[in-house]
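Quick look at target_25.csv (CSV, C-alpha atoms):
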```
chain,number,residue,atom,x,y,z
A,262,PHE,CA,44.0,30.3,5.6
A,263,GLN,CA,46.7,27.5,5.7
A,264,CYS,CA,44.6,25.7,8.3
A,265,PHE,CA,41.5,25.9,6.2
A,266,HIS,CA,43.5,24.7,3.2
A,267,ARG,CA,44.8,21.7,5.0
A,268,ARG,CA,41.4,20.8,6.2
A,269,VAL,CA,40.0,20.9,2.7
A,270,SER,CA,42.8,18.7,1.4
A,271,PHE,CA,42.2,16.3,4.1
A,272,LEU,CA,38.5,16.2,3.4
A,273,ARG,CA,39.2,15.7,-0.3
A,274,SER,CA,41.5,12.8,0.3
A,275,PHE,CA,39.0,11.3,2.7
A,276,ASP,CA,36.3,11.6,0.1
A,277,ASN,CA,38.5,9.8,-2.5
A,278,LEU,CA,39.2,7.1,-0.1
A,279,ALA,CA,35.5,6.7,0.8
A,280,SER,CA,34.4,6.5,-2.9
A,281,ASN,CA,37.2,4.0,-3.6
A,282,LEU,CA,36.0,1.9,-0.8
A,283,SER,CA,32.4,1.9,-1.9
A,284,ILE,CA,33.5,1.0,-5.4
A,285,ALA,CA,35.5,-1.9,-4.0
A,286,MET,CA,32.6,-3.1,-1.9
A,287,ALA,CA,30.2,-2.9,-4.7
A,288,GLU,CA,32.5,-4.9,-7.0
A,289,GLU,CA,33.2,-7.6,-4.4
A,290,LYS,CA,30.8,-10.5,-4.9
A,291,GLN,CA,28.7,-11.9,-2.2
A,292,ASP,CA,29.6,-15.4,-1.2
A,293,ARG,CA,27.4,-17.6,-3.4
A,294,PHE,CA,27.5,-20.7,-1.2
A,295,THR,CA,26.9,-20.6,2.6
A,296,LEU,CA,27.6,-23.0,5.4
A,297,PRO,CA,24.3,-24.3,6.7
A,298,ALA,CA,23.8,-24.1,10.4
A,299,LEU,CA,24.5,-27.3,12.4
A,300,PRO,CA,21.1,-28.9,13.3
A,301,PHE,CA,22.3,-29.4,16.9
A,302,ALA,CA,24.8,-27.9,19.4
A,303,GLU,CA,28.5,-28.7,19.0
A,304,ASP,CA,28.5,-30.8,22.1
A,305,ALA,CA,25.1,-32.4,21.6
A,306,LEU,CA,26.5,-35.8,20.3
A,307,LYS,CA,29.2,-36.2,22.9
A,308,ASP,CA,27.4,-38.6,25.2
A,309,LYS,CA,27.1,-41.0,22.3
A,310,GLY,CA,30.8,-40.7,21.3
A,311,ILE,CA,31.1,-37.8,18.9
A,312,SER,CA,32.9,-35.1,20.8
A,313,GLN,CA,32.6,-31.3,20.6
A,314,GLU,CA,36.1,-31.2,19.4
A,315,THR,CA,35.3,-33.5,16.5
A,316,ILE,CA,32.4,-31.3,15.5
A,317,GLN,CA,34.5,-28.2,15.8
A,318,TYR,CA,37.0,-29.6,13.3
A,319,HIS,CA,34.6,-31.6,11.2
A,320,TYR,CA,32.0,-28.8,10.8
A,321,GLY,CA,34.1,-25.7,11.6
A,322,LYS,CA,37.2,-26.6,9.6
A,323,HIS,CA,36.4,-29.3,7.0
A,324,HIS,CA,32.8,-28.5,6.1
A,325,ALA,CA,33.4,-24.7,6.4
A,326,GLY,CA,36.6,-25.1,4.4
A,327,TYR,CA,34.8,-26.7,1.4
A,328,VAL,CA,32.4,-23.7,1.4
A,329,ARG,CA,35.2,-21.2,1.5
A,330,LYS,CA,37.1,-23.0,-1.3
A,331,LEU,CA,34.0,-23.3,-3.5
A,332,ASN,CA,33.3,-19.6,-3.1
A,333,ALA,CA,36.9,-18.8,-4.0
A,334,GLN,CA,36.5,-21.0,-7.2
A,335,ASP,CA,33.3,-19.2,-7.9
A,336,LYS,CA,35.0,-15.8,-7.7
A,337,ASP,CA,37.6,-17.0,-10.1
A,338,GLY,CA,34.9,-17.9,-12.5
A,339,ASN,CA,35.3,-21.6,-12.3
A,340,VAL,CA,31.8,-22.5,-11.1
A,341,ALA,CA,28.8,-22.7,-13.6
A,342,LYS,CA,26.4,-19.9,-12.9
A,343,ASP,CA,22.8,-20.5,-11.9
A,344,LYS,CA,23.5,-24.1,-10.8
A,345,SER,CA,22.7,-25.2,-7.3
A,346,LEU,CA,25.0,-27.6,-5.4
A,347,GLU,CA,22.8,-30.5,-6.5
A,348,ASP,CA,23.0,-29.3,-10.1
A,349,LEU,CA,26.8,-29.1,-9.9
A,350,ILE,CA,26.9,-32.6,-8.5
A,351,LYS,CA,24.7,-34.1,-11.2
A,352,ALA,CA,26.1,-32.2,-14.2
A,353,GLN,CA,28.4,-34.2,-16.5
A,354,ASP,CA,30.6,-31.2,-17.2
A,355,THR,CA,31.4,-30.2,-13.7
A,356,SER,CA,35.2,-30.2,-13.2
A,357,PRO,CA,36.6,-32.7,-10.7
A,358,LYS,CA,37.8,-29.9,-8.5
A,359,VAL,CA,34.4,-28.2,-8.4
A,360,PHE,CA,32.6,-31.5,-8.0
A,361,ASN,CA,34.7,-32.5,-5.0
A,362,LEU,CA,34.0,-29.2,-3.3
A,363,ALA,CA,30.3,-29.0,-4.1
A,364,ALA,CA,29.7,-32.7,-3.2
A,365,GLN,CA,31.6,-32.4,0.0
A,366,ILE,CA,29.5,-29.4,1.1
A,367,TRP,CA,26.3,-31.3,0.2
A,368,ASN,CA,27.5,-34.6,1.7
A,369,HIS,CA,28.4,-33.0,5.0
A,370,THR,CA,25.1,-31.1,5.3
A,371,PHE,CA,23.3,-34.4,4.7
A,372,TYR,CA,25.5,-36.1,7.3
A,373,TRP,CA,24.7,-33.7,10.1
A,374,GLU,CA,21.0,-34.1,9.2
A,375,SER,CA,21.4,-37.9,9.4
A,376,MET,CA,22.2,-37.6,13.2
A,377,ALA,CA,20.3,-36.3,16.2
A,378,PRO,CA,21.2,-36.4,19.9
A,379,ASP,CA,18.0,-38.4,20.6
A,380,GLY,CA,18.4,-40.6,17.5
A,381,GLY,CA,19.2,-44.3,17.3
A,382,ALA,CA,15.8,-46.0,17.7
A,383,CYS,CA,14.0,-47.0,14.5
A,384,LYS,CA,10.4,-47.7,15.2
A,385,ASP,CA,8.8,-50.7,13.6
A,386,ASP,CA,5.8,-48.7,12.3
A,387,LEU,CA,8.0,-46.3,10.2
A,388,ASN,CA,7.5,-46.8,6.5
A,389,VAL,CA,11.3,-46.9,6.0
A,390,ALA,CA,11.6,-49.6,8.7
A,391,LYS,CA,9.1,-51.8,6.8
A,392,GLN,CA,10.8,-51.2,3.5
A,393,LEU,CA,14.2,-52.1,5.0
A,394,ALA,CA,12.8,-55.3,6.4
A,395,LYS,CA,11.5,-56.1,2.9
A,396,ASP,CA,14.6,-55.2,1.0
A,397,PHE,CA,17.2,-56.7,3.3
A,398,GLY,CA,15.3,-59.6,4.9
A,399,SER,CA,15.1,-57.9,8.3
A,400,PHE,CA,16.0,-54.6,9.9
A,401,ASP,CA,18.9,-56.3,11.7
A,402,LYS,CA,20.2,-57.6,8.4
A,403,PHE,CA,20.1,-54.1,6.9
A,404,MET,CA,22.0,-52.8,9.9
A,405,GLU,CA,24.6,-55.6,9.6
A,406,GLN,CA,25.2,-54.8,6.0
A,407,PHE,CA,25.3,-51.0,6.5
A,408,LYS,CA,27.9,-51.4,9.3
A,409,ALA,CA,29.9,-53.9,7.2
A,410,ARG,CA,30.0,-51.6,4.2
A,411,ALA,CA,31.0,-48.7,6.4
A,412,GLY,CA,33.7,-50.8,8.2
A,413,GLY,CA,34.9,-52.3,4.9
A,414,HIS,CA,35.3,-49.2,2.8
A,415,PHE,CA,39.0,-48.7,2.0
A,416,GLY,CA,40.2,-45.1,2.2
A,417,SER,CA,38.2,-41.9,2.4
A,418,GLY,CA,34.6,-42.0,1.4
A,419,TRP,CA,30.9,-42.2,2.2
A,420,VAL,CA,28.4,-45.0,2.6
A,421,TRP,CA,24.8,-44.2,1.6
A,422,LEU,CA,21.3,-45.6,2.0
A,423,SER,CA,19.2,-44.5,-0.9
A,424,VAL,CA,15.9,-45.1,-2.7
A,425,ASP,CA,16.4,-46.4,-6.2
A,426,LYS,CA,14.1,-46.0,-9.3
A,427,GLU,CA,12.2,-49.1,-8.3
A,428,LYS,CA,11.5,-47.5,-4.9
A,429,LYS,CA,13.8,-50.1,-3.2
A,430,LEU,CA,16.3,-49.2,-0.6
A,431,VAL,CA,19.9,-49.8,-1.6
A,432,ILE,CA,23.3,-49.3,0.1
A,433,THR,CA,26.0,-47.8,-2.1
A,434,ASP,CA,29.5,-46.5,-1.2
A,435,GLY,CA,32.3,-44.7,-2.9
A,436,HIS,CA,35.4,-42.7,-2.6
A,437,ASP,CA,36.1,-39.3,-1.3
A,438,ALA,CA,33.2,-37.0,-2.4
A,439,PHE,CA,31.1,-39.9,-3.7
A,440,ASN,CA,27.4,-38.9,-4.0
A,441,PRO,CA,24.6,-41.2,-5.2
A,442,LEU,CA,22.6,-38.4,-6.9
A,443,LYS,CA,25.0,-39.0,-9.8
A,444,ASP,CA,23.6,-42.5,-10.1
A,445,GLY,CA,20.0,-41.3,-10.1
A,446,LEU,CA,19.4,-42.5,-6.6
A,447,THR,CA,17.7,-40.5,-3.8
A,448,PRO,CA,19.7,-40.7,-0.6
A,449,VAL,CA,18.0,-41.0,2.8
A,450,LEU,CA,21.0,-41.6,5.1
A,451,THR,CA,24.8,-41.3,5.0
A,452,ILE,CA,27.8,-41.9,7.1
A,453,ASP,CA,31.2,-40.2,6.6
A,454,VAL,CA,34.1,-42.6,6.8
A,455,TRP,CA,36.9,-40.2,6.1
A,456,GLU,CA,39.3,-40.6,9.0
A,457,HIS,CA,38.7,-37.0,10.1
A,458,ALA,CA,35.2,-38.1,11.1
A,459,TYR,CA,36.6,-40.4,13.9
A,460,TYR,CA,40.3,-39.9,14.5
A,461,VAL,CA,39.9,-37.4,17.3
A,462,ASP,CA,37.5,-39.6,19.3
A,463,ARG,CA,38.4,-43.1,18.2
A,464,ARG,CA,41.8,-43.0,16.6
A,465,ASN,CA,41.9,-46.0,14.2
A,466,ASP,CA,38.8,-47.7,15.6
A,467,ARG,CA,36.3,-47.0,12.9
A,468,GLY,CA,34.1,-49.8,14.2
A,469,ALA,CA,33.5,-47.9,17.5
A,470,TYR,CA,32.7,-44.8,15.5
A,471,ILE,CA,30.2,-46.6,13.4
A,472,ASN,CA,28.5,-47.9,16.5
A,473,SER,CA,28.3,-44.3,17.8
A,474,PHE,CA,26.9,-43.2,14.5
A,475,VAL,CA,24.2,-45.9,14.5
A,476,SER,CA,23.1,-44.9,18.0
A,477,LEU,CA,22.6,-41.4,16.7
A,478,ILE,CA,20.7,-42.0,13.4
A,479,ASN,CA,18.0,-39.5,13.0
A,480,TRP,CA,15.3,-42.0,11.9
A,481,ALA,CA,12.6,-39.3,11.8
A,482,LYS,CA,14.6,-37.5,9.2
A,483,VAL,CA,15.3,-40.7,7.3
A,484,GLU,CA,11.6,-41.4,7.3
A,485,GLU,CA,10.8,-37.9,6.1
A,486,ARG,CA,13.2,-38.3,3.2
A,487,TYR,CA,11.9,-41.8,2.4
A,488,ASN,CA,8.3,-40.7,2.4
A,489,ALA,CA,9.1,-37.8,0.1
A,490,CYS,CA,10.2,-40.4,-2.5
A,491,LYS,CA,6.8,-42.2,-2.8
B,1006,PHE,CA,46.7,-55.4,-3.5
B,1007,ASN,CA,45.5,-52.9,-0.9
B,1008,LEU,CA,47.0,-54.8,1.9
B,1009,ALA,CA,50.3,-55.7,0.2
B,1010,ALA,CA,50.8,-52.2,-1.1
B,1011,GLN,CA,49.9,-50.6,2.2
B,1012,ILE,CA,52.5,-52.8,4.0
B,1013,TRP,CA,55.2,-51.9,1.4
B,1014,ASN,CA,54.2,-48.2,1.3
B,1015,HIS,CA,54.4,-47.8,5.1
B,1016,THR,CA,57.8,-49.5,5.3
B,1017,PHE,CA,59.0,-47.2,2.6
B,1018,TYR,CA,57.5,-44.2,4.4
B,1019,TRP,CA,59.4,-44.9,7.7
B,1020,GLN,CA,62.6,-45.3,5.7
B,1021,SER,CA,61.9,-41.9,4.1
B,1022,MET,CA,62.3,-40.2,7.4
B,1023,SER,CA,65.0,-40.0,10.1
B,1024,PRO,CA,65.3,-37.9,13.2
B,1025,ASP,CA,68.4,-36.1,11.9
B,1026,GLY,CA,67.0,-35.8,8.4
B,1027,GLY,CA,65.9,-32.6,6.5
B,1028,ALA,CA,69.1,-31.2,5.0
B,1029,CYS,CA,69.8,-32.2,1.4
B,1030,ASP,CA,73.5,-31.8,0.9
B,1031,ASP,CA,74.6,-30.1,-2.4
B,1032,ALA,CA,77.1,-32.9,-2.9
B,1033,LEU,CA,74.3,-35.5,-3.3
B,1034,LYS,CA,73.8,-36.8,-6.8
B,1035,VAL,CA,70.0,-36.8,-6.3
B,1036,LYS,CA,70.1,-33.1,-5.5
B,1037,ALA,CA,71.9,-32.4,-8.8
B,1038,GLN,CA,69.3,-34.5,-10.7
B,1039,LEU,CA,66.5,-32.7,-8.9
B,1040,LYS,CA,67.9,-29.3,-10.0
B,1041,SER,CA,68.2,-30.7,-13.5
B,1042,ASP,CA,64.6,-32.0,-13.6
B,1043,PHE,CA,62.8,-29.3,-11.7
B,1044,GLY,CA,64.8,-26.2,-12.5
B,1045,SER,CA,66.0,-25.8,-8.9
B,1046,PHE,CA,65.9,-27.8,-5.7
B,1047,ASP,CA,63.5,-25.2,-4.2
B,1048,LYS,CA,61.2,-25.7,-7.2
B,1049,PHE,CA,61.2,-29.4,-6.6
B,1050,VAL,CA,60.3,-28.8,-2.9
B,1051,GLU,CA,57.5,-26.4,-3.8
B,1052,GLU,CA,56.0,-28.9,-6.3
B,1053,PHE,CA,56.3,-31.8,-3.9
B,1054,LYS,CA,54.7,-29.9,-1.1
B,1055,THR,CA,51.9,-28.6,-3.4
B,1056,ARG,CA,51.1,-32.1,-4.7
B,1057,ALA,CA,51.0,-33.4,-1.2
B,1058,ALA,CA,48.7,-30.6,0.0
B,1059,LYS,CA,46.4,-30.7,-3.0
B,1060,HIS,CA,45.8,-34.5,-3.0
B,1061,PHE,CA,42.1,-35.0,-2.4
B,1062,GLY,CA,41.3,-37.9,0.0
B,1063,SER,CA,43.6,-40.7,1.2
B,1064,GLY,CA,46.8,-41.4,-0.8
B,1065,TRP,CA,50.5,-41.1,-1.3
B,1066,ILE,CA,52.9,-38.8,-3.1
B,1067,TRP,CA,56.0,-40.3,-4.5
B,1068,LEU,CA,59.3,-39.1,-6.0
B,1069,SER,CA,60.6,-41.8,-8.4
B,1070,VAL,CA,63.2,-42.4,-11.0
B,1071,ASN,CA,61.6,-43.2,-14.4
B,1072,ALA,CA,62.8,-45.2,-17.4
B,1073,GLU,CA,64.7,-42.2,-18.7
B,1074,LYS,CA,66.5,-41.9,-15.4
B,1075,LYS,CA,64.6,-38.7,-14.6
B,1076,LEU,CA,63.0,-37.8,-11.3
B,1077,VAL,CA,59.2,-37.5,-11.4
B,1078,ILE,CA,56.5,-36.8,-8.8
B,1079,THR,CA,53.4,-39.0,-9.0
B,1080,ASP,CA,50.5,-39.3,-6.6
B,1081,GLY,CA,47.5,-41.4,-6.3
B,1082,HIS,CA,44.7,-42.8,-4.1
B,1083,ASP,CA,44.7,-45.0,-1.1
B,1084,ALA,CA,47.3,-47.7,-1.6
B,1085,PHE,CA,48.8,-46.1,-4.8
B,1086,ASN,CA,52.3,-47.4,-5.6
B,1087,PRO,CA,54.4,-46.3,-8.5
B,1088,ILE,CA,56.0,-49.7,-9.0
B,1089,LYS,CA,52.9,-50.6,-11.0
B,1090,ASP,CA,53.8,-47.8,-13.4
B,1091,GLY,CA,57.4,-49.1,-13.9
B,1092,LEU,CA,58.9,-46.4,-11.8
B,1093,THR,CA,61.5,-46.8,-9.1
B,1094,PRO,CA,60.4,-44.8,-6.0
B,1095,ILE,CA,63.0,-43.1,-3.8
B,1096,LEU,CA,60.8,-41.0,-1.4
B,1097,THR,CA,57.2,-41.0,-0.3
B,1098,ILE,CA,54.8,-39.1,2.0
B,1099,ASP,CA,51.6,-40.6,3.3
B,1100,VAL,CA,48.7,-38.1,3.1
B,1101,TRP,CA,46.0,-40.4,4.7
B,1102,GLU,CA,44.5,-38.3,7.5
B,1103,HIS,CA,45.7,-40.8,10.1
B,1104,ALA,CA,49.3,-39.7,9.3
B,1105,TYR,CA,48.6,-36.2,10.7
B,1106,TYR,CA,45.3,-36.0,12.5
B,1107,VAL,CA,46.7,-36.8,16.0
B,1108,ASP,CA,49.3,-34.1,15.8
B,1109,GLN,CA,48.0,-31.5,13.4
B,1110,ARG,CA,44.3,-32.2,13.1
B,1111,ASN,CA,43.1,-30.9,9.8
B,1112,ASP,CA,46.3,-28.9,9.1
B,1113,ARG,CA,47.9,-31.1,6.5
B,1114,GLY,CA,50.3,-28.2,5.5
B,1115,ALA,CA,51.9,-28.2,9.0
B,1116,TYR,CA,52.4,-31.9,8.7
B,1117,ILE,CA,54.0,-31.6,5.3
B,1118,ALA,CA,56.4,-29.0,6.7
B,1119,VAL,CA,57.3,-31.4,9.5
B,1120,PHE,CA,57.8,-34.3,7.0
B,1121,MET,CA,60.1,-32.1,4.9
B,1122,SER,CA,62.3,-31.4,8.0
B,1123,LEU,CA,62.6,-35.2,8.5
B,1124,ILE,CA,63.4,-36.4,5.0
B,1125,ASN,CA,66.2,-39.0,5.1
B,1126,TRP,CA,68.2,-37.7,2.2
B,1127,SER,CA,71.0,-40.2,2.6
B,1128,LYS,CA,68.4,-43.0,2.1
B,1129,VAL,CA,67.0,-41.1,-0.9
B,1130,GLU,CA,70.5,-40.8,-2.3
B,1131,GLU,CA,71.1,-44.5,-1.8
B,1132,ARG,CA,67.9,-45.4,-3.6
B,1133,TYR,CA,68.6,-42.9,-6.4
B,1134,ASN,CA,72.1,-44.3,-7.0
B,1135,ALA,CA,70.8,-47.9,-7.0
B,1136,ALA,CA,68.2,-46.8,-9.6
B,1137,VAL,CA,70.6,-45.1,-12.0
```
Structure translated into structure tokens:
Amino acid sequence: FQCFHRRVSFLRSFDNLASNLSIAMAEEKQDRFTLPALPFAEDALKDKGISQETIQYHYGKHHAGYVRKLNAQDKDGNVAKDKSLEDLIKAQDTSPKVFNLAAQIWNHTFYWESMAPDGGACKDDLNVAKQLAKDFGSFDKFMEQFKARAGGHFGSGWVWLSVDKEKKLVITDGHDAFNPLKDGLTPVLTIDVWEHAYYVDRRNDRGAYINSFVSLINWAKVEERYNACK
Amino acid sequence: FNLAAQIWNHTFYWQSMSPDGGACDDALKVKAQLKSDFGSFDKFVEEFKTRAAKHFGSGWIWLSVNAEKKLVITDGHDAFNPIKDGLTPILTIDVWEHAYYVDQRNDRGAYIAVFMSLINWSKVEERYNAAV
């Protein structure tokens, strides 16, 4: 009888534990924001100067970290419901903390998409190539300006190529989590100039990193984004 | 401004550290003032470390003497320097990623802990005494 009694008590306590667990699991929110997959393998850019280690930190720690932190903010009730990352970026009333996290998630996703292992060559017949030649005088002049802006930016930030309301291509840059969506522009290309983007591979030599980036530009993706604006 | 401030800031940063640094002696006047202004020395350390960890992007965190002779922590972007605000700095930590990416990669917290263990408190005391 004692044995039976012990078994019943055990089963009762197990049952309590199980139902407590299922309550806890039901109450725990799903992560609202997710880390998008990298569009290439971690080591896919290494031959052109962006190492696997850089990607492991840049994507695996920095980008992933922003996602984790925004989800934590969300669970604390600090992120406006029913707003996408883009909505959060554009909204006037997004707090600086939430803006930084949302924009950094979005910016980094855009950055990975701006590169491809087989990138670098911008064909003359691309619509974006023709527009760049028109808006900057020549493709080479565009490239010179883009590299100069990336090289000249002081402190952490991003340099963007975007389509403006007149359908012209413009380069803008700004600090930290700067995103041109807030200025009503439609970005087509970005480079991250936070030091974490290049310090593993290039130490202080941002110029060398910019050259690597330029040799990796995913012009097919840039063209796709540009054409979507017409 | 960026260039001039970055030169000045970095010089100040090197002077804020020493190999035998780290321990803030109870006899130091700056320690007494920190206790007075932050509630306790540990509370000051906690706030300083938190401000350093939470600063978004490149910048500097400073401990300075203000016009009322109180100790205040301020921080700002890039080449930020509290002299512009009429403060007299006595300690700084650089939180640009280049300060820690070689040794700690993304782990700024580990770097901050290292910095704390190197603080040249005798230099901080010297600056504090000169300011008050």
Please determine the residues with any atom at most 10 Å from (55.2, -32.1, -8.6) (coordinates as given in the file, with all atoms listed in the file counting) and report them as a compact mmCIF listing (two decimals) with C-alpha atoms, keeping the file's coordinate frame.
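Result went into selection21.txt, see below:
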```
# COMPACT_ATOMS: atom_id res chain seq x y z
CA PHE B 1043 62.80 -29.30 -11.70
CA LYS B 1048 61.20 -25.70 -7.20
CA PHE B 1049 61.20 -29.40 -6.60
CA VAL B 1050 60.30 -28.80 -2.90
CA GLU B 1051 57.50 -26.40 -3.80
CA GLU B 1052 56.00 -28.90 -6.30
CA PHE B 1053 56.30 -31.80 -3.90
CA LYS B 1054 54.70 -29.90 -1.10
CA THR B 1055 51.90 -28.60 -3.40
CA ARG B 1056 51.10 -32.10 -4.70
CA ALA B 1057 51.00 -33.40 -1.20
CA ILE B 1066 52.90 -38.80 -3.10
CA TRP B 1067 56.00 -40.30 -4.50
CA LEU B 1068 59.30 -39.10 -6.00
CA VAL B 1077 59.20 -37.50 -11.40
CA ILE B 1078 56.50 -36.80 -8.80
CA THR B 1079 53.40 -39.00 -9.00
CA ASP B 1080 50.50 -39.30 -6.60
```
Using only C-alpha atoms, which residues sit within 8 Å of stretch 1012-1028 of chain B once same-chain residues fewer than 6 positions away are excluded, as a list in words?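 Those residues are Ala1084, Asn1086, Leu1096, Thr1097, Ile1098, Asp1099, Phe1120, Met1121, Ser1122, Leu1123, Ile1124, Asn1125, Trp1126, Lys1128 and Val1129 of chain B.
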Residues of chain A within 9 Å of chain B, using all atoms listed in the file, as an mmCIF file with C-alpha atoms, in the frame of the given file?
```
data_model
loop_
_atom_site.group_PDB
_atom_site.id
_atom_site.type_symbol
_atom_site.label_atom_id
_atom_site.label_comp_id
_atom_site.auth_asym_id
_atom_site.auth_seq_id
_atom_site.Cartn_x
_atom_site.Cartn_y
_atom_site.Cartn_z
ATOM 1 C CA TYR A 318 37.000 -29.600 13.300
ATOM 2 C CA HIS A 319 34.600 -31.600 11.200
ATOM 3 C CA LYS A 322 37.200 -26.600 9.600
ATOM 4 C CA HIS A 323 36.400 -29.300 7.000
ATOM 5 C CA ASN A 361 34.700 -32.500 -5.000
ATOM 6 C CA PHE A 415 39.000 -48.700 2.000
ATOM 7 C CA GLY A 416 40.200 -45.100 2.200
ATOM 8 C CA SER A 417 38.200 -41.900 2.400
ATOM 9 C CA GLY A 418 34.600 -42.000 1.400
ATOM 10 C CA HIS A 436 35.400 -42.700 -2.600
ATOM 11 C CA ASP A 437 36.100 -39.300 -1.300
ATOM 12 C CA ALA A 438 33.200 -37.000 -2.400
ATOM 13 C CA TRP A 455 36.900 -40.200 6.100
ATOM 14 C CA GLU A 456 39.300 -40.600 9.000
ATOM 15 C CA HIS A 457 38.700 -37.000 10.100
ATOM 16 C CA TYR A 460 40.300 -39.900 14.500
ATOM 17 C CA VAL A 461 39.900 -37.400 17.300
ATOM 18 C CA ARG A 464 41.800 -43.000 16.600
ATOM 19 C CA ASN A 465 41.900 -46.000 14.200
#
```
Quick one: residues within 10 Å of A:Leu349, all atoms listed in the file, excluding same-chain residues fewer than 2 positions away - as JSON, numbers by chain? {"A": [340, 341, 342, 343, 344, 345, 346, 347, 351, 352, 353, 354, 355, 356, 359, 360, 361, 362, 363, 364]}
Write a file of the just-selected residues containing C-alpha atoms, as an mmCIF file, keeping the file's coordinate frame.
```cif
data_model
loop_
_atom_site.group_PDB
_atom_site.id
_atom_site.type_symbol
_atom_site.label_atom_id
_atom_site.label_comp_id
_atom_site.auth_asym_id
_atom_site.auth_seq_id
_atom_site.Cartn_x
_atom_site.Cartn_y
_atom_site.Cartn_z
ATOM 1 C CA VAL A 340 31.800 -22.500 -11.100
ATOM 2 C CA ALA A 341 28.800 -22.700 -13.600
ATOM 3 C CA LYS A 342 26.400 -19.900 -12.900
ATOM 4 C CA ASP A 343 22.800 -20.500 -11.900
ATOM 5 C CA LYS A 344 23.500 -24.100 -10.800
ATOM 6 C CA SER A 345 22.700 -25.200 -7.300
ATOM 7 C CA LEU A 346 25.000 -27.600 -5.400
ATOM 8 C CA GLU A 347 22.800 -30.500 -6.500
ATOM 9 C CA LYS A 351 24.700 -34.100 -11.200
ATOM 10 C CA ALA A 352 26.100 -32.200 -14.200
ATOM 11 C CA GLN A 353 28.400 -34.200 -16.500
ATOM 12 C CA ASP A 354 30.600 -31.200 -17.200
ATOM 13 C CA THR A 355 31.400 -30.200 -13.700
ATOM 14 C CA SER A 356 35.200 -30.200 -13.200
ATOM 15 C CA VAL A 359 34.400 -28.200 -8.400
ATOM 16 C CA PHE A 360 32.600 -31.500 -8.000
ATOM 17 C CA ASN A 361 34.700 -32.500 -5.000
ATOM 18 C CA LEU A 362 34.000 -29.200 -3.300
ATOM 19 C CA ALA A 363 30.300 -29.000 -4.100
ATOM 20 C CA ALA A 364 29.700 -32.700 -3.200
#
```
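Within 8 Å of stretch 402-413 of chain A, once all atoms listed in the file are used and residues closer than 4 positions along the same chain are dropped, the contacting residues are A:Leu393, A:Ala394, A:Phe397, A:Gly398, A:Trp419, A:Val420, A:Ile432, A:Asp434, A:Ile452, A:Val454, A:Arg467, A:Gly468, A:Ile471.
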Measure the distance from atom CA of A:Met376 to atom CA of A:Tyr487 in Å and round it to one decimal.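 Interatomic distance here is 15.5 Å.
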Counting only C-alpha atoms, note down every residue that has an atom within 10 Å of the point (69.6, -37.2, -5.6) (file coordinates), as a list in words. Cys1029, Asp1030, Asp1031, Ala1032, Leu1033, Lys1034, Val1035, Lys1036, Ala1037, Gln1038, Leu1039, Lys1040, Val1070, Leu1076, Ile1095, Trp1126, Ser1127, Lys1128, Val1129, Glu1130, Glu1131, Arg1132, Tyr1133 and Asn1134 of chain B
Between atom CA of A:Ser476 and atom CA of A:Tyr327, what is the distance, to one decimal in Å? 27.3 Å
Which distance in Å separates atom CA of A:Trp367 and atom CA of A:Lys395, to one decimal?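 Atom CA of A:Trp367 sits 29.0 Å away from atom CA of A:Lys395.
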Can you tell me which residues surround A:Leu430 at a distance of at most 9 Å, considering all atoms listed in the file, apart from same-chain residues fewer than 5 positions away, and format the answer as a list of chain:residue names?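 Residues meeting the cut-off are A:Val389, A:Gln392, A:Leu393, A:Asp396, A:Phe397, A:Leu422, A:Ser423, A:Val424, A:Asp425.
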Show which residues sit within 12 Å of A:Arg329, as an mmCIF file with C-alpha atoms, in the coordinates of the input. Count all atoms listed in the file, and ignore same-chain residues fewer than 6 positions away.
```cif
data_model
loop_
_atom_site.group_PDB
_atom_site.id
_atom_site.type_symbol
_atom_site.label_atom_id
_atom_site.label_comp_id
_atom_site.auth_asym_id
_atom_site.auth_seq_id
_atom_site.Cartn_x
_atom_site.Cartn_y
_atom_site.Cartn_z
ATOM 1 C CA GLN A 291 28.700 -11.900 -2.200
ATOM 2 C CA ASP A 292 29.600 -15.400 -1.200
ATOM 3 C CA ARG A 293 27.400 -17.600 -3.400
ATOM 4 C CA PHE A 294 27.500 -20.700 -1.200
ATOM 5 C CA THR A 295 26.900 -20.600 2.600
ATOM 6 C CA LEU A 296 27.600 -23.000 5.400
ATOM 7 C CA GLY A 321 34.100 -25.700 11.600
ATOM 8 C CA LYS A 322 37.200 -26.600 9.600
ATOM 9 C CA HIS A 323 36.400 -29.300 7.000
ATOM 10 C CA ASP A 335 33.300 -19.200 -7.900
ATOM 11 C CA LYS A 336 35.000 -15.800 -7.700
ATOM 12 C CA LEU A 362 34.000 -29.200 -3.300
ATOM 13 C CA ALA A 363 30.300 -29.000 -4.100
ATOM 14 C CA GLN A 365 31.600 -32.400 0.000
ATOM 15 C CA ILE A 366 29.500 -29.400 1.100
#
```
Pick out the closest residue to B:Asp1090 from this set: B:Ala1136, B:Ala1058, B:Ala1072, B:Ala1010. Count all atoms listed in the file. B:Ala1072
Between B:Val1137, B:Phe1085, B:Lys1075, B:Ser1041, which is the closest to B:Val1100 once you count only C-alpha atoms?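 Closest residue, counting only C-alpha atoms: B:Phe1085.
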